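**Student:** The structure under discussion is supplied below as structure tokens; questions concerning it will follow.
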Amino acid sequence: MYTYPIELRDDLNYTLVKTIYEFGIVNVPVLAAQLASRHGDLSYADSERLVLGFAQLYSAPIVFDRSGCDWRLKEPVGLDNDGLLLDIVQHEFGRAA
């Protein structure tokens, strides 16, 4: 098992918490690419595995969208939410049983 530098773990933790707070969902390929670019000795595969593992640790919803679409372009469905997760819940799972 490889021991990663504490700076990498802190960066990953901060990035994930910020992403979950802002978007409500983790875009694994996009965050992995950002992380790998900031830490030159980290391969893309390792960064993707780390992002996925930390997202699982936080029980965060994940998406694999390499296009990196900006969810902020979506119309908000609530004043305190940028819309993606709430939109999914309201329109997909919010219908009467």
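All residue names refer to the structure tokens as shown: chains lettered A, B, ... in order, residues numbered from 1 in each chain, ligands numbered from 1 in order.
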Write out as a list in words the set of residues from stretch 23-75 of chain A that DSSP, computed on the backbone, places in strand (DSSP E or B).

**Tutor:**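 These are the residues in question: Val26, Asn27, Ile62 and Val63 of chain A.
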
**Student:** In Å, how far is it from atom CA of A:Tyr14 to atom CA of A:Leu52?

**Tutor:**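 Computing it gives 14.3 Å between the two atoms.
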
**Student:** Which polymer residues have any atom within 12 Å of an atom of A:His39, counting only C-alpha atoms, with same-chain residues fewer than 3 positions away left out, as a ChimeraX atom specification?

**Tutor:** /A:4-5,7-9,11-12,32-36,42-44,46-47

**Student:** May I ask for the distance between atom CA of A:Ser37 and atom CA of A:Tyr21, given in Å to one decimal place?

**Tutor:**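 Taking atom CA of A:Ser37 and atom CA of A:Tyr21, their separation equals 22.3 Å.
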
**Student:** Pick out the closest residue to A:Phe64 from this set: A:Asp10, A:Glu22, A:Asp41, A:Glu48. Count only C-alpha atoms.

**Tutor:**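 For A:Phe64, the nearest of the candidates is A:Glu48.
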
**Student:** When you look at A:Thr19 with a cut-off of 12 Å (counting only C-alpha atoms), what residues show up, excluding the ones that are within fewer than 3 positions of it in the same chain? I need them as a ChimeraX atom specification.

**Tutor:** /A:12-16,22-28,30-31,51,54-55,58,60-62,70-72,82
